[in-house]
Amino acid sequence: MKKKDIITIQIQDVNFPNKAYGFVDGEKIIVKNGVPGQTVQAQVIKKRNSGIEARQVAIIEPSPLERQDGVCSHYALCGGCTYQTLRHEEELKLKERQVKRLLDQEGIQVKSWEGIVPAPSDKAYRNKCEFSFGDEQKDGDLALGMRKRMSHYEVVSLKDCNIIDDDYLKIINGTLSFFHERNVPFYHKLRHEGSLRHLVVRKGTATGEILVNLVTSNEVPFSTEEFKNMLLALPLDGSFCGILHSINESVADVVRSDEMRILYGRDYFIEKLFDLEFKVSVYSFFQTNTKGAEKLYTIVKNFAGNVTDKLVFDLYCGTGTIGQIMAEAGSKKVVGIELIEEAVVAANENAAQNGLTNCIFIAGDVLQKVDDLRDKPDLIIVDPPRDGIHPKAIGKIIDFAAPEIVYVSCKPTSLARDLAVFQQAGYEVERVQLMDMFPKTVHVESVVLLSRKG
């Protein structure tokens with residue numbers, strides 16, 4: 001097989017994340033965006049030790065595991081929902097199989113495997129989306145939506161979407177029309193010129209509060225007052241609690257703010273989990289599926305067991321959701337650590353608002369801040385970012401010798417790597433349960449209970 005050869009493959013299975021594979025003439029072919037049972041046409045890209053990489057060109061025959069209805073109009077172009085065509089029960093089986101395989105490969109010995117919990121709904125579940133401005137093809141009309149599949153530049157303007165509700169689509173359409181009429185250009189990443197970069201929309205599932213953040217370069221050839229008024233006039237089911245305008249002068253294609261101005265309302269929205277309220281700022285981490293988060297945290301509570309009079313560390317705590325749930329459950333004291341300072345401010349305010357006096361949240365990097373903790377924890381909960389726990393931080397966490405650790409993970413490859421370190425240090429994997437927080441996508445949450453031998 002040579003580079004650029006066109007081959008036909010039947011997809012045998014998919015490894016996390018999104019690495020479908022099959023065999024041709026005894027050689028393993030890896031191709032993205034496939035689902036088990038499909039027959040696809042692909043073009044050879046390169047040869048690696050793990051197999052031959054190929055780019056999908058066309059689906060020749062669908063999989064018997066796929067459904068025929070309910071697929072959005074952008075599925076073939078949009079890079080958002082890889083498993084949209086899979087029947088939901090097959091998606092759950094696939095995700096469970098992927099995580100099991102990764103843990104087996106790392107030699108993780110699991111005492112109790114407790115399956116995967118389905119999401120409360122596989123439709124309109126997201127409470128946050130970061131949309132990109134761009135064009136659908138080079139020098140084409142302004143677009144606003146998700147990046148095209150297999151593209152770093154082109155954007156698909158969303159006209160329908162299964163994982164967000166209609167308010168998001170109305171905001172996209174209103175924003176796109178507003179800037180079309182004024183001929184405002186998007187920020188071109190290669191030429192470093194233009195204005196429009198991102199539109200961040202967050203909506204409280206329980207409260208209906210909507211927070212919008214328009215991110216532009218320092219070139220602003222339009223009236224932000226008119227933009228605000230356009231949004232406020234939209235006929236939405238929810239209601240705006242804040243409209244923000246952020247300036248991002250970085251050349252990197254990331255959603256960040258060098259300067260932020262409030263055009264309307266406030267710079268946070270309120271969301272509820274169980275009977276607790278949380279103030280969530282535009283850049284704070286908060287689980288993007290509110291109803292799914294309640295199921296996820298129910299698993300965490302179950303794994304943590306009776307925390308009455310226990311000292312709990314909540315590391316990588318975000319806005320303090322897990323920590324406050326532990327505090328409300330009767331913990332003697334909860335200490336949370338989070339890198340993003342505004343999230344920590346919100347966490348402490350949330351705790352006060354919820355009447356919880358037995359928890360405190362500290363701003364800083366877990367790697368450094370755990371050195372300041374003098375108490376000996378009865379339970380440590382870790383919910384790190386996608387890359388997992390920093391190798392040096394994991395050693396410091398192990399040194400606390402906590403009897404139990406609950407690890408919440410959004411990336412199974414990082415989880416498997418970190419569990420191998422914990423296992424080598426004398427921790428046993430007591431229980432594993434998965435939560436399908438992000439239906440139709442390649443992502444899955446895992447919750448693991450570790451106990452220290454002896």
# chains A, B, ... in the order shown; residues from 1 in each chain; ligands from 1
$ closest_atom_pairs --of "range 66-134 of chain A" --to "range 176-194 of chain A" --cutoff "12 Å" --atoms "only C-alpha atoms" --output "Markdown table"
| residue | atom | partner | partner_atom | distance |
| --- | --- | --- | --- | --- |
| A:Phe131 | CA | A:Leu176 | CA | 11.4 |
| A:Ser132 | CA | A:Phe186 | CA | 9.2 |
| A:Phe133 | CA | A:Phe186 | CA | 5.9 |
| A:Gly134 | CA | A:Phe186 | CA | 5.7 |
$ residues_around --residues "Glu277 in chain A" --least-positions-apart "3" --cutoff "10 Å" --atoms "only C-alpha atoms" --output "ChimeraX atom specification"
/A:206-207,270-274,280,321,350-351,353-354
$ select_by_dssp --residues "range 266-375 of chain A" --states "helix (DSSP H, G or I)" --output "MDAnalysis selection string"
chainID A and resid 290:304 321:328 341:353 366:372
$ closest_atom_pairs --of "range 5-78 of chain A" --to "range 143-162 of chain A" --cutoff "9 Å" --atoms "only C-alpha atoms" --output "Markdown table"
| residue | atom | partner | partner_atom | distance |
| --- | --- | --- | --- | --- |
| A:Asn33 | CA | A:Arg149 | CA | 9.0 |
| A:Gly70 | CA | A:Asn162 | CA | 8.2 |
| A:Val71 | CA | A:Asn162 | CA | 7.8 |
| A:Cys72 | CA | A:Cys161 | CA | 5.9 |
| A:Ser73 | CA | A:Asp160 | CA | 6.9 |
| A:His74 | CA | A:Leu158 | CA | 7.5 |
| A:Ala76 | CA | A:Arg149 | CA | 8.0 |
| A:Leu77 | CA | A:Lys148 | CA | 5.5 |
| A:Cys78 | CA | A:Lys148 | CA | 4.8 |
$ select_by_dssp --residues "range 177-388 of chain A" --states "strand (DSSP E)" --output "PyMOL selection string"
chain A and resi 196-203+209-216+239-247+259-265+268-273+276-281+311-315+333-338+359-363+379-382
$ residues_around --residues "Val254 in chain A" --least-positions-apart "4" --cutoff "12 Å" --atoms "only C-alpha atoms" --output "list in words"
Glu130, Phe131, Ser132, Lys189, Arg197, His198, Leu199, Val200, Val215, Thr216, Ser217, Ile247, Asn248, Glu249, Ser250, Asp258 and Tyr283 of chain A
$ write_last_selection --atoms "N, CA and C atoms" --output "CSV table (one decimal), in the first residue's frame"
chain,number,residue,atom,x,y,z
A,130,GLU,N,-19.1,26.9,22.4
A,130,GLU,CA,-18.2,27.9,21.9
A,130,GLU,C,-18.3,27.8,20.4
A,131,PHE,N,-18.9,28.8,19.8
A,131,PHE,CA,-19.0,28.8,18.3
A,131,PHE,C,-17.9,29.6,17.7
A,132,SER,N,-17.5,29.2,16.5
A,132,SER,CA,-16.4,29.9,15.8
A,132,SER,C,-17.0,30.7,14.6
A,189,LYS,N,-7.0,33.7,10.9
A,189,LYS,CA,-6.0,33.2,11.8
A,189,LYS,C,-4.6,33.2,11.1
A,197,ARG,N,-14.2,36.6,16.3
A,197,ARG,CA,-13.5,35.3,16.6
A,197,ARG,C,-14.4,34.2,17.1
A,198,HIS,N,-15.1,34.4,18.3
A,198,HIS,CA,-15.9,33.4,18.8
A,198,HIS,C,-17.2,34.0,19.4
A,199,LEU,N,-18.2,33.1,19.6
A,199,LEU,CA,-19.4,33.5,20.3
A,199,LEU,C,-19.6,32.3,21.3
A,200,VAL,N,-19.5,32.7,22.6
A,200,VAL,CA,-19.7,31.7,23.7
A,200,VAL,C,-21.2,31.9,24.2
A,215,VAL,N,-16.5,37.4,21.4
A,215,VAL,CA,-15.1,37.5,21.4
A,215,VAL,C,-14.6,38.0,20.1
A,216,THR,N,-13.9,39.2,20.1
A,216,THR,CA,-13.4,39.8,18.9
A,216,THR,C,-11.9,40.1,19.1
A,217,SER,N,-11.3,40.5,18.0
A,217,SER,CA,-9.9,41.1,18.1
A,217,SER,C,-10.1,42.6,18.5
A,247,ILE,N,-12.2,41.2,24.3
A,247,ILE,CA,-11.2,41.4,23.3
A,247,ILE,C,-10.1,40.4,23.5
A,248,ASN,N,-9.7,39.7,22.4
A,248,ASN,CA,-8.7,38.7,22.5
A,248,ASN,C,-7.6,39.0,21.4
A,249,GLU,N,-6.5,39.5,21.9
A,249,GLU,CA,-5.4,39.9,20.9
A,249,GLU,C,-4.4,38.8,20.6
A,250,SER,N,-4.6,37.6,21.2
A,250,SER,CA,-3.7,36.5,21.0
A,250,SER,C,-3.8,36.0,19.5
A,258,ASP,N,-8.4,39.2,26.9
A,258,ASP,CA,-7.4,40.2,27.4
A,258,ASP,C,-8.2,41.4,28.1
A,283,TYR,N,-16.0,32.0,32.0
A,283,TYR,CA,-14.8,31.1,31.7
A,283,TYR,C,-14.6,30.0,32.7
$ closest_residue --among "A:Leu276, A:Ala42, A:Val345, A:Ile322" --to "Thr298 in chain A" --atoms "only C-alpha atoms"
A:Ile322
$ atom_distance --atom1 "CA of Pro36 in chain A" --atom2 "CA of Ala20 in chain A"
7.6 Å
$ residues_around --residues "Leu373 in chain A" --least-positions-apart "2" --cutoff "12 Å" --atoms "only C-alpha atoms" --output "PyMOL selection string"
chain A and resi 311-313+315+334-337+362+366-371+375-377+396-397+399-400
$ closest_residue --among "A:Arg202, A:Arg97, A:Arg417, A:Lys111" --to "Arg126 in chain A" --atoms "only C-alpha atoms"
A:Arg202
